[in-house]
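S.K.: Handing over query-v6.tsv, TSV, C-alpha atoms.
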```
chain	number	residue	atom	x	y	z
I	258	MET	CA	-6.46	-25.66	-23.83
I	259	THR	CA	-4.56	-23.70	-26.45
I	260	GLU	CA	-2.43	-20.60	-26.04
I	261	ASN	CA	-3.46	-17.18	-27.36
I	262	ARG	CA	-0.07	-15.88	-28.51
I	263	ASP	CA	-0.94	-14.82	-32.05
I	264	ARG	CA	-4.70	-14.27	-32.05
I	265	MET	CA	-5.93	-10.70	-31.72
I	266	LYS	CA	-6.74	-9.78	-28.13
I	267	PRO	CA	-9.89	-7.81	-27.23
I	268	LEU	CA	-8.19	-4.49	-26.42
I	269	GLU	CA	-5.70	-4.36	-29.29
I	270	GLY	CA	-5.74	-0.87	-30.77
I	271	ILE	CA	-6.50	0.72	-27.37
I	272	LEU	CA	-3.82	3.12	-26.09
I	273	VAL	CA	-3.51	3.55	-22.33
I	274	VAL	CA	-1.44	6.41	-20.92
I	275	ASP	CA	-0.66	5.33	-17.38
I	276	LEU	CA	0.55	7.96	-14.90
I	277	SER	CA	0.23	5.66	-11.89
I	278	GLN	CA	2.93	4.06	-9.74
I	279	PHE	CA	3.41	1.63	-6.87
I	280	LEU	CA	0.74	-1.10	-6.98
I	281	SER	CA	-2.96	-0.26	-7.40
I	282	GLY	CA	-2.75	1.64	-10.70
I	283	PRO	CA	-0.06	-0.58	-12.28
I	284	CYS	CA	-2.15	-3.65	-11.38
I	285	ALA	CA	-4.99	-2.14	-13.41
I	286	SER	CA	-2.86	-1.25	-16.42
I	287	LEU	CA	-1.25	-4.70	-16.28
I	288	ARG	CA	-4.65	-6.30	-16.77
I	289	LEU	CA	-5.45	-3.93	-19.63
I	290	ALA	CA	-2.11	-4.85	-21.23
I	291	ASP	CA	-2.86	-8.55	-20.78
I	292	LEU	CA	-6.11	-7.99	-22.68
I	293	GLY	CA	-4.24	-6.43	-25.58
I	294	ALA	CA	-4.01	-2.70	-24.84
I	295	ARG	CA	-0.84	-0.75	-25.53
I	296	VAL	CA	0.18	0.64	-22.15
I	297	THR	CA	2.57	3.60	-22.10
I	298	LYS	CA	3.86	4.09	-18.58
I	299	ILE	CA	4.84	7.68	-17.77
I	300	GLU	CA	7.79	7.82	-15.35
I	301	ARG	CA	9.72	10.66	-13.77
I	302	PRO	CA	13.36	11.13	-14.79
I	303	VAL	CA	16.18	9.43	-12.84
I	304	THR	CA	14.07	7.51	-10.29
I	305	GLY	CA	11.05	6.49	-12.36
I	306	ASP	CA	8.21	4.67	-10.61
I	307	LEU	CA	9.23	4.52	-6.94
I	308	CYS	CA	8.21	0.88	-6.97
I	309	ARG	CA	11.42	0.17	-8.89
I	310	GLN	CA	13.26	0.58	-5.58
I	311	LEU	CA	10.48	-0.48	-3.21
I	312	TYR	CA	11.93	-3.77	-2.05
I	313	VAL	CA	9.60	-6.20	-0.33
I	314	SER	CA	12.31	-8.83	0.14
I	315	ASN	CA	16.01	-9.27	-0.47
I	316	VAL	CA	15.27	-10.62	-3.94
I	317	ARG	CA	16.10	-8.25	-6.78
I	318	LEU	CA	15.98	-8.53	-10.54
I	319	ASP	CA	18.39	-6.41	-12.57
I	320	GLY	CA	18.92	-4.30	-9.45
I	321	GLU	CA	15.26	-3.42	-9.05
I	322	SER	CA	12.28	-4.61	-7.03
I	323	THR	CA	10.73	-7.89	-8.11
I	324	VAL	CA	7.35	-6.29	-7.40
I	325	PHE	CA	7.99	-3.72	-10.11
I	326	HIS	CA	8.87	-6.42	-12.62
I	327	ALA	CA	5.84	-8.52	-11.68
I	328	ILE	CA	3.27	-5.78	-12.28
I	329	ASN	CA	4.87	-3.84	-15.13
I	330	ARG	CA	5.52	-6.50	-17.72
I	331	ASN	CA	4.21	-5.93	-21.22
I	332	LYS	CA	4.36	-2.12	-20.88
I	333	GLU	CA	6.35	0.74	-22.41
I	334	SER	CA	8.29	3.28	-20.35
I	335	PHE	CA	8.26	6.94	-21.32
I	336	VAL	CA	10.23	9.46	-19.25
I	337	ALA	CA	8.79	12.93	-18.75
I	338	ASP	CA	9.06	15.52	-16.00
I	339	LEU	CA	5.50	16.72	-15.44
I	340	LYS	CA	6.77	19.69	-13.42
I	341	THR	CA	8.39	21.24	-16.48
I	342	PRO	CA	6.50	22.80	-19.40
I	343	GLU	CA	8.38	20.58	-21.86
I	344	GLY	CA	7.56	17.36	-20.03
I	345	LEU	CA	3.93	18.31	-19.54
I	346	GLU	CA	3.54	19.17	-23.22
I	347	GLN	CA	5.01	15.81	-24.20
I	348	VAL	CA	2.47	13.98	-22.08
I	349	LYS	CA	-0.37	16.12	-23.42
I	350	LYS	CA	0.60	15.01	-26.92
I	351	LEU	CA	0.22	11.41	-25.78
I	352	VAL	CA	-3.09	12.24	-24.10
I	353	ARG	CA	-4.44	13.50	-27.43
I	354	ARG	CA	-3.91	10.01	-28.88
I	355	ALA	CA	-5.00	8.04	-25.83
I	356	ASP	CA	-8.15	6.01	-25.38
I	357	VAL	CA	-7.54	5.74	-21.63
I	358	VAL	CA	-5.66	8.01	-19.22
I	359	MET	CA	-5.22	6.81	-15.64
I	360	HIS	CA	-3.41	7.77	-12.42
I	361	ASN	CA	-3.36	7.16	-8.67
I	362	PHE	CA	-2.12	10.49	-7.30
I	363	ARG	CA	-3.57	11.79	-4.05
I	364	PRO	CA	-6.65	14.00	-4.50
I	365	GLY	CA	-5.79	17.43	-5.90
I	366	VAL	CA	-2.25	16.59	-7.07
I	367	ILE	CA	-3.09	15.74	-10.68
I	368	GLU	CA	-5.08	18.98	-11.06
I	369	LYS	CA	-2.05	20.99	-9.91
I	370	LEU	CA	0.01	19.24	-12.58
I	371	GLY	CA	-2.53	20.24	-15.23
I	372	LEU	CA	-3.77	16.76	-16.07
I	373	GLY	CA	-7.02	16.50	-14.12
I	374	TYR	CA	-10.10	15.12	-15.84
I	375	GLU	CA	-11.47	18.46	-17.01
I	376	ALA	CA	-8.12	19.47	-18.49
I	377	VAL	CA	-7.65	16.10	-20.19
I	378	ARG	CA	-11.21	16.15	-21.53
I	379	GLN	CA	-10.50	19.49	-23.18
I	380	ILE	CA	-7.58	17.87	-24.98
I	381	ASN	CA	-9.38	14.62	-25.79
I	382	PRO	CA	-13.20	14.75	-25.39
I	383	GLN	CA	-13.68	11.00	-25.93
I	384	VAL	CA	-11.08	9.89	-23.41
I	385	VAL	CA	-11.89	7.39	-20.66
I	386	TYR	CA	-10.23	8.79	-17.56
I	387	GLY	CA	-9.58	6.53	-14.57
I	388	GLN	CA	-8.31	7.57	-11.16
I	389	ILE	CA	-7.57	5.78	-7.89
I	390	SER	CA	-7.44	7.39	-4.47
I	391	GLY	CA	-6.91	5.95	-1.04
I	392	TYR	CA	-10.10	7.14	0.62
I	393	GLY	CA	-12.15	8.98	-1.98
I	394	GLU	CA	-12.41	12.67	-2.76
I	395	GLU	CA	-14.21	13.67	0.44
I	396	GLY	CA	-14.09	13.11	4.18
I	397	PRO	CA	-11.48	13.44	6.95
I	398	TRP	CA	-9.23	10.69	5.52
I	399	ARG	CA	-9.07	12.27	2.05
I	400	ASP	CA	-5.40	13.27	2.24
I	401	GLN	CA	-4.07	10.30	4.20
I	402	PRO	CA	-1.57	7.96	2.51
I	403	GLY	CA	-3.34	5.18	0.62
I	404	GLN	CA	-1.18	2.32	1.88
I	405	ASP	CA	-2.60	-1.19	1.95
I	406	LEU	CA	-2.02	-2.11	5.60
I	407	LEU	CA	-3.50	1.20	6.72
I	408	LEU	CA	-6.59	0.59	4.58
I	409	GLN	CA	-7.02	-2.93	5.92
I	410	SER	CA	-6.78	-1.60	9.45
I	411	LEU	CA	-9.26	1.26	9.02
I	412	SER	CA	-11.79	-0.87	7.12
I	413	GLY	CA	-12.33	-3.51	9.80
I	414	LEU	CA	-10.93	-6.27	7.59
I	415	VAL	CA	-8.24	-7.20	10.12
I	416	TRP	CA	-10.92	-8.35	12.59
I	417	LEU	CA	-12.12	-11.15	10.30
I	418	SER	CA	-8.96	-13.28	10.12
I	419	GLY	CA	-7.24	-15.11	12.94
I	420	ASP	CA	-8.71	-16.61	16.09
I	421	ALA	CA	-10.67	-14.66	18.68
I	422	ASP	CA	-7.71	-14.23	21.04
I	423	GLN	CA	-5.20	-13.09	18.42
I	424	GLY	CA	-6.08	-9.43	18.03
I	425	PRO	CA	-6.28	-7.90	14.55
I	426	VAL	CA	-4.74	-10.04	11.79
I	427	PRO	CA	-4.06	-8.45	8.37
I	428	MET	CA	-4.19	-10.44	5.16
I	429	GLY	CA	-0.78	-11.42	3.83
I	430	LEU	CA	-1.39	-9.72	0.49
I	431	ALA	CA	-1.87	-6.14	-0.64
I	432	ILE	CA	-5.55	-6.91	-1.10
I	433	ALA	CA	-6.79	-3.30	-1.08
I	434	ASP	CA	-4.33	-2.26	-3.81
I	435	ILE	CA	-5.00	-5.25	-6.03
I	436	LEU	CA	-8.76	-5.25	-5.66
I	437	CYS	CA	-8.99	-1.51	-6.25
I	438	GLY	CA	-6.98	-1.95	-9.45
I	439	MET	CA	-9.41	-4.58	-10.65
I	440	HIS	CA	-12.36	-2.29	-9.89
I	441	LEU	CA	-10.72	0.43	-11.96
I	442	VAL	CA	-10.40	-2.02	-14.86
I	443	GLN	CA	-14.11	-2.85	-14.60
I	444	GLY	CA	-15.07	0.83	-14.74
I	445	ILE	CA	-12.71	1.56	-17.63
I	446	LEU	CA	-14.02	-1.36	-19.67
I	447	ALA	CA	-17.61	-0.30	-18.99
I	448	CYS	CA	-16.87	3.22	-20.24
I	449	LEU	CA	-15.08	1.86	-23.31
I	450	VAL	CA	-18.19	-0.15	-24.13
I	451	ARG	CA	-20.38	2.93	-23.67
I	452	ARG	CA	-18.03	4.96	-25.85
I	453	SER	CA	-18.30	2.37	-28.62
I	454	ILE	CA	-22.08	2.84	-28.55
I	455	THR	CA	-22.49	6.56	-27.91
I	456	GLY	CA	-19.07	8.07	-28.62
I	457	GLN	CA	-19.08	9.46	-25.10
I	458	GLY	CA	-15.98	9.22	-22.92
I	459	GLY	CA	-16.16	9.24	-19.15
I	460	GLN	CA	-14.52	9.45	-15.76
I	461	VAL	CA	-14.02	6.42	-13.50
I	462	ASP	CA	-13.29	7.00	-9.81
I	463	VAL	CA	-12.40	4.23	-7.39
I	464	SER	CA	-10.82	4.25	-3.95
I	465	MET	CA	-8.96	1.61	-2.01
I	466	LEU	CA	-11.24	2.09	0.98
I	467	GLU	CA	-14.42	1.57	-1.02
I	468	SER	CA	-12.90	-1.48	-2.68
I	469	VAL	CA	-11.97	-3.14	0.59
I	470	LEU	CA	-15.39	-2.29	2.05
I	471	ASP	CA	-17.06	-3.86	-0.98
I	472	LEU	CA	-14.91	-6.95	-0.41
I	473	GLN	CA	-16.73	-7.29	2.92
I	474	PHE	CA	-20.26	-6.90	1.49
I	475	GLU	CA	-21.31	-10.31	2.79
I	476	THR	CA	-20.15	-9.80	6.36
I	477	ILE	CA	-21.23	-6.14	6.60
I	478	THR	CA	-24.72	-7.04	5.40
I	479	THR	CA	-24.86	-9.86	7.93
I	480	TYR	CA	-23.72	-7.46	10.65
I	481	PHE	CA	-26.65	-5.12	9.99
I	482	HIS	CA	-29.19	-7.93	9.92
I	483	ASP	CA	-27.70	-9.39	13.09
I	484	GLY	CA	-28.81	-6.32	14.99
I	485	GLY	CA	-25.34	-4.78	14.93
I	486	GLN	CA	-23.90	-7.42	17.24
I	487	PRO	CA	-20.09	-7.34	17.56
I	488	THR	CA	-18.21	-9.50	15.09
I	489	GLU	CA	-17.04	-12.61	16.93
I	490	ARG	CA	-14.34	-14.78	15.43
I	491	SER	CA	-14.17	-18.40	16.42
I	492	ALA	CA	-11.66	-19.08	19.16
I	493	VAL	CA	-10.67	-22.36	17.50
I	494	HIS	CA	-9.27	-22.50	13.95
I	495	ASN	CA	-11.28	-19.52	12.73
I	496	ALA	CA	-11.66	-19.14	8.98
I	497	HIS	CA	-14.85	-17.04	8.77
I	498	ALA	CA	-16.33	-14.98	11.58
I	499	TYR	CA	-19.92	-15.58	10.48
I	500	LEU	CA	-19.81	-19.31	9.74
I	501	GLY	CA	-20.27	-22.14	12.19
I	502	ALA	CA	-18.44	-25.43	12.61
I	503	PRO	CA	-16.72	-27.14	10.92
I	504	TYR	CA	-15.47	-24.19	8.82
I	505	GLY	CA	-11.71	-23.93	9.37
I	506	VAL	CA	-8.22	-25.29	8.80
I	507	TYR	CA	-7.15	-28.11	11.12
I	508	PRO	CA	-3.79	-29.74	11.84
I	509	THR	CA	-3.41	-33.42	11.07
I	510	ARG	CA	-0.61	-35.83	11.95
I	511	ASN	CA	1.55	-34.58	9.06
I	512	GLY	CA	-0.03	-31.38	7.74
I	513	TYR	CA	-3.35	-29.60	7.58
I	514	VAL	CA	-6.81	-30.15	6.16
I	515	ALA	CA	-9.39	-27.50	5.29
I	516	LEU	CA	-13.07	-28.15	5.96
I	517	ALA	CA	-15.80	-25.93	4.55
I	518	MET	CA	-19.52	-26.05	5.36
I	519	GLY	CA	-20.91	-29.49	6.19
I	520	SER	CA	-23.03	-31.59	8.50
I	521	ILE	CA	-21.45	-32.19	11.89
I	522	PRO	CA	-23.21	-35.56	12.50
I	523	GLN	CA	-22.18	-36.73	9.02
I	524	LEU	CA	-18.59	-35.84	9.81
I	525	GLY	CA	-18.90	-37.73	13.06
I	526	HIS	CA	-19.97	-40.88	11.20
I	527	LEU	CA	-17.36	-40.58	8.46
I	528	LEU	CA	-14.45	-39.77	10.73
I	529	GLY	CA	-15.40	-42.16	13.49
I	530	CYS	CA	-15.67	-39.27	15.96
I	531	GLU	CA	-18.55	-40.23	18.23
I	532	PRO	CA	-18.78	-36.96	20.26
I	533	LEU	CA	-19.87	-35.14	17.09
I	534	LEU	CA	-22.98	-37.27	16.75
I	535	GLU	CA	-24.82	-35.40	19.49
I	536	TYR	CA	-24.94	-32.18	17.45
I	537	GLN	CA	-28.03	-32.96	15.40
I	538	ASP	CA	-29.47	-29.44	15.61
I	539	PRO	CA	-27.77	-27.22	12.97
I	540	SER	CA	-28.26	-24.14	15.14
I	541	ARG	CA	-25.73	-25.60	17.58
I	542	TRP	CA	-23.09	-25.73	14.85
I	543	PHE	CA	-22.76	-21.96	15.28
I	544	SER	CA	-23.76	-21.40	18.91
I	545	GLU	CA	-21.33	-24.11	20.06
I	546	ARG	CA	-18.85	-23.92	17.22
I	547	ASP	CA	-15.76	-23.56	19.44
I	548	ARG	CA	-16.59	-26.69	21.39
I	549	ILE	CA	-17.33	-28.65	18.22
I	550	LYS	CA	-14.19	-27.45	16.48
I	551	ALA	CA	-12.03	-28.30	19.48
I	552	VAL	CA	-13.35	-31.88	19.43
I	553	LEU	CA	-12.85	-32.09	15.69
I	554	ALA	CA	-9.33	-30.66	15.90
I	555	SER	CA	-8.25	-33.18	18.51
I	556	HIS	CA	-9.60	-36.06	16.43
I	557	LEU	CA	-8.05	-34.95	13.13
I	558	GLU	CA	-4.57	-34.85	14.67
I	559	THR	CA	-4.64	-38.63	15.06
I	560	GLU	CA	-4.22	-39.40	11.34
I	561	THR	CA	-2.57	-37.98	8.22
I	562	THR	CA	-4.10	-35.51	5.81
I	563	ALA	CA	-4.17	-38.14	3.06
I	564	HIS	CA	-6.04	-40.55	5.32
I	565	TRP	CA	-8.79	-38.05	6.08
I	566	LEU	CA	-9.09	-36.93	2.47
I	567	SER	CA	-9.46	-40.54	1.35
I	568	ILE	CA	-12.56	-40.74	3.54
I	569	LEU	CA	-14.05	-37.30	3.03
I	570	GLU	CA	-13.57	-36.75	-0.71
I	571	PRO	CA	-15.48	-39.89	-1.85
I	572	ALA	CA	-18.35	-38.77	0.41
I	573	ASP	CA	-18.41	-35.38	-1.37
I	574	ILE	CA	-17.45	-33.48	1.75
I	575	TRP	CA	-16.03	-30.05	0.93
I	576	CYS	CA	-12.43	-30.44	2.02
I	577	ALA	CA	-8.90	-29.84	0.75
I	578	ASP	CA	-5.25	-30.36	1.48
I	579	VAL	CA	-3.47	-27.19	2.60
I	580	LEU	CA	-0.57	-26.63	0.23
I	581	ASP	CA	2.43	-24.36	0.44
I	582	TRP	CA	3.87	-22.98	-2.80
I	583	GLU	CA	6.48	-25.72	-3.10
I	584	ARG	CA	3.86	-28.47	-3.08
I	585	LEU	CA	1.37	-26.44	-5.11
I	586	LEU	CA	3.82	-25.88	-7.97
I	587	GLN	CA	4.46	-29.62	-8.22
I	588	HIS	CA	0.80	-30.60	-8.20
I	589	ASP	CA	-0.83	-31.80	-11.42
I	590	GLY	CA	-3.86	-29.61	-10.65
I	591	PHE	CA	-1.67	-26.50	-10.78
I	592	LYS	CA	0.28	-27.65	-13.82
I	593	ALA	CA	-2.95	-28.23	-15.76
I	594	LEU	CA	-3.80	-24.52	-15.48
I	595	GLY	CA	-0.68	-23.29	-17.27
I	596	MET	CA	-0.57	-20.29	-14.93
I	597	LEU	CA	3.16	-19.60	-15.36
I	598	GLN	CA	4.89	-17.83	-18.21
I	599	THR	CA	8.44	-16.73	-18.92
I	600	VAL	CA	8.90	-13.15	-20.10
I	601	ARG	CA	12.02	-11.48	-21.47
I	602	ARG	CA	13.30	-7.97	-20.83
I	603	ARG	CA	14.95	-6.05	-23.66
I	604	ASN	CA	18.39	-6.66	-22.13
I	605	GLY	CA	17.82	-10.41	-22.39
I	606	THR	CA	16.96	-11.09	-18.75
I	607	GLU	CA	14.20	-13.67	-18.42
I	608	TYR	CA	11.96	-14.21	-15.44
I	609	GLN	CA	9.03	-16.41	-14.59
I	610	THR	CA	5.74	-14.94	-13.45
I	611	THR	CA	2.02	-15.62	-13.58
I	612	ARG	CA	-0.12	-15.10	-16.67
I	613	CYS	CA	-3.44	-13.31	-16.99
I	614	PRO	CA	-6.11	-15.50	-15.33
I	615	ILE	CA	-8.71	-14.67	-17.99
I	616	ARG	CA	-9.45	-16.88	-20.98
I	617	ILE	CA	-10.87	-15.40	-24.18
I	618	ASP	CA	-12.66	-17.70	-26.65
I	619	GLY	CA	-11.33	-20.66	-24.72
I	620	GLN	CA	-7.73	-19.52	-25.02
I	621	ARG	CA	-5.28	-18.43	-22.35
I	622	LEU	CA	-3.67	-15.02	-22.57
I	623	TYR	CA	0.12	-15.01	-22.51
I	624	CYS	CA	2.71	-12.35	-23.22
I	625	GLU	CA	6.44	-12.50	-23.84
I	626	LYS	CA	7.50	-8.91	-23.05
I	627	GLY	CA	8.95	-8.28	-19.62
I	628	SER	CA	9.14	-5.03	-17.71
I	629	PRO	CA	10.83	-2.00	-19.32
I	630	ASP	CA	13.97	-0.21	-18.25
I	631	LEU	CA	13.36	3.37	-17.24
I	632	GLY	CA	12.62	5.34	-20.39
I	633	GLU	CA	13.59	2.58	-22.78
I	634	ASP	CA	10.67	3.40	-25.10
I	635	THR	CA	10.85	7.21	-24.97
I	636	ASP	CA	12.46	7.69	-28.37
I	637	TRP	CA	10.23	5.15	-30.08
I	638	ILE	CA	7.06	6.62	-28.59
I	639	THR	CA	8.14	10.13	-29.53
I	640	SER	CA	8.54	9.14	-33.17
I	641	ASP	CA	5.50	6.85	-33.28
I	642	LEU	CA	2.87	8.83	-31.39
I	643	MET	CA	4.05	12.44	-31.45
I	644	ALA	CA	5.05	12.84	-35.07
```
Here is a file; write its structure as structure tokens.
M.R.:
Amino acid sequence: MTENRDRMKPLEGILVVDLSQFLSGPCASLRLADLGARVTKIERPVTGDLCRQLYVSNVRLDGESTVFHAINRNKESFVADLKTPEGLEQVKKLVRRADVVMHNFRPGVIEKLGLGYEAVRQINPQVVYGQISGYGEEGPWRDQPGQDLLLQSLSGLVWLSGDADQGPVPMGLAIADILCGMHLVQGILACLVRRSITGQGGQVDVSMLESVLDLQFETITTYFHDGGQPTERSAVHNAHAYLGAPYGVYPTRNGYVALAMGSIPQLGHLLGCEPLLEYQDPSRWFSERDRIKAVLASHLETETTAHWLSILEPADIWCADVLDWERLLQHDGFKALGMLQTVRRRNGTEYQTTRCPIRIDGQRLYCEKGSPDLGEDTDWITSDLMA
């Protein structure tokens, strides 16, 4: 696998004016930048994107949040105060040159600033305009804060993880933010394709709530066809509320092993666990999944993870070791992917982060430019794009 450091990327020549902050919007513009777009990040004076100071741990980089640096690499920073006529006019000049304009303000805010879709379309009729909200443009939640944990909680997602007696369990990632950003990218790319055919721009609207509901399409569809029965998580090593035994993660003598779908009697034979042999009827693998999983869990604790994998993998049983990051980063399977890259900020600071997961023409997409200081590109952009 070769690296794509010099070859032209698919979105080179596309200018993105990004008014978003925090996570969902910057995740989207990061992916566009990875694919070759020039992303000009508009930030307020003095504080900039609030994510610069939104610490998620006690780890900082150049005095700012590591989250900001992770999701804003390969971008330019342009400072403008949208509440002043001068700042607004500067941004409008950029909008005239832009292929894509995007934001994640709450509904109604961007219109008050004078940069809603209709206003931007008057400036640039062919623009692709993307916007993210927390809950959409309508309904009683419209003006609520679009924060990831709140979205997970309202969407029902927290009732799918964890065991039956644990109460609601949120995912350990900002899944609503990240997924919504990826949906915005999909819509923007679709409109860019349409524009290349028809010359017509367009408006892309996505919301975090709709994104996290779409994430659950499988389970919600099952819920309706199950007669609306309550979602019931397994009481023993639950990993999917709508799948039967053996689906789950089980402790072994020295770690954990993950088991996906499979035949319970076959597992009984392979593992030497005789009580599993009585479950010949596949319907029992769901109706009695807690009992089966309890038996399986007790048996798997008697040997090491490596021992069980040495039996299950040759038999083509869907199983895996359960790695933490320390072990993952040392594994040859991870190293073969080349998922890490080192980027450099203008001040010389280097940091390691992940690369774009997409390959184009068989080549990985890397970048070398780290995150910008607040306003570090303002002068250059003014001379390059506003002359």
S.K.: Determine the nearest neighbour of Ser567 of chain I from the options I:Val514, I:Tyr536, I:Glu368, I:Leu642, counting only C-alpha atoms.
M.R.: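 Ranking I:Val514, I:Tyr536, I:Glu368, I:Leu642 by distance to Ser567 of chain I, first place goes to I:Val514.
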S.K.: Name all residues at most 10 Å from Ala290 of chain I (count only C-alpha atoms; drop same-chain ones fewer than 6 positions away) and give them as number ranges by chain.
M.R.: I: 266, 268-269, 271-273, 284, 296-297, 329-332, 613, 624
S.K.: So which residues touch Ala554 of chain I within 12 Å, counting all atoms listed in the file, skipping near sequence neighbours fewer than 2 positions away, as a ChimeraX atom specification?
M.R.: /I:493-495,502-510,513-516,528,530,533,546-552,556-560
S.K.: Name the closest residue to Val579 of chain I among the candidates I:Cys308, I:Val274, I:Ile328, I:Ala563; distances are taken between atoms, counting only C-alpha atoms.
M.R.: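 Residue with the minimum atom-to-atom distance to Val579 of chain I: I:Ala563.
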S.K.: List every residue of segment 494-598 of chain I that has an atom at most 12 Å from any atom of segment 454-473 of chain I, and for each one report the closest atom pair and its distance in Å to one decimal, counting only C-alpha atoms, with rows sorted by chain and then by increasing residue number, as a Markdown table.
M.R.:
```
| residue | atom | partner | partner_atom | distance |
| --- | --- | --- | --- | --- |
| I:His497 | CA | I:Gln473 | CA | 11.5 |
| I:Ala498 | CA | I:Gln473 | CA | 11.6 |
| I:Tyr499 | CA | I:Gln473 | CA | 11.7 |
```
S.K.: Tell me which of I:Gly391, I:Ala327, I:Pro364, I:Lys350 sits closest to Gln598 of chain I, counting only C-alpha atoms.
M.R.: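 Once distances to Gln598 of chain I are computed over only C-alpha atoms, the minimum belongs to I:Ala327.
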S.K.: In Å to one decimal, how far is atom CA of Ile477 of chain I from atom CA of Asn361 of chain I?
M.R.: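 Atom CA of Ile477 of chain I lies 27.0 Å from atom CA of Asn361 of chain I.
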S.K.: Identify which of the residues I:Arg301, I:His526, I:Arg378, I:His360 lies closest to Leu345 of chain I, counting only C-alpha atoms when measuring atom-to-atom distances.
M.R.: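 Looking only at the distances to Leu345 of chain I, the closest residue turns out to be I:Arg301.
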S.K.: What does the structure give for the distance between atom CA of Arg288 of chain I and atom CA of Ala644 of chain I, in Å to one decimal?
M.R.: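 The value is 28.2 Å.
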S.K.: Which distance in Å separates atom CA of Ile389 of chain I and atom CA of Gly403 of chain I, to one decimal?
M.R.: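 Separation of atom CA of Ile389 of chain I and atom CA of Gly403 of chain I: 9.5 Å.
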S.K.: Env of Ser410 of chain I: 12 Å cut, atoms = only C-alpha atoms, seq-sep filter 5 positions within chain, self excluded. Answer as a list in words.
M.R.: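 After dropping sequence-adjacent residues, the list is Gly403, Gln404, Asp405, Val415, Trp416, Leu417, Ser418, Gly424, Pro425, Val426, Pro427, Met428, Ile432, Ala433, Leu466, Val469 and Leu470 of chain I.
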S.K.: Which is closest to Ile380 of chain I among I:Leu339, I:Val352, I:Gln409, I:Glu395, if we use all atoms listed in the file?
M.R.: I:Val352
S.K.: Looking at I:Leu287, I:Ile367, I:Cys448, I:Val336, which one is nearest to Thr611 of chain I, with distances taken over only C-alpha atoms?
M.R.: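 Looking at the shortest contact to Thr611 of chain I, the residue is I:Leu287.
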S.K.: Just the residues within 12 Å of Asp636 of chain I, please, counting only C-alpha atoms, with nothing from its chain fewer than 2 positions along; format it as number ranges by chain.
M.R.: I: 333-337, 347, 631-634, 638-644
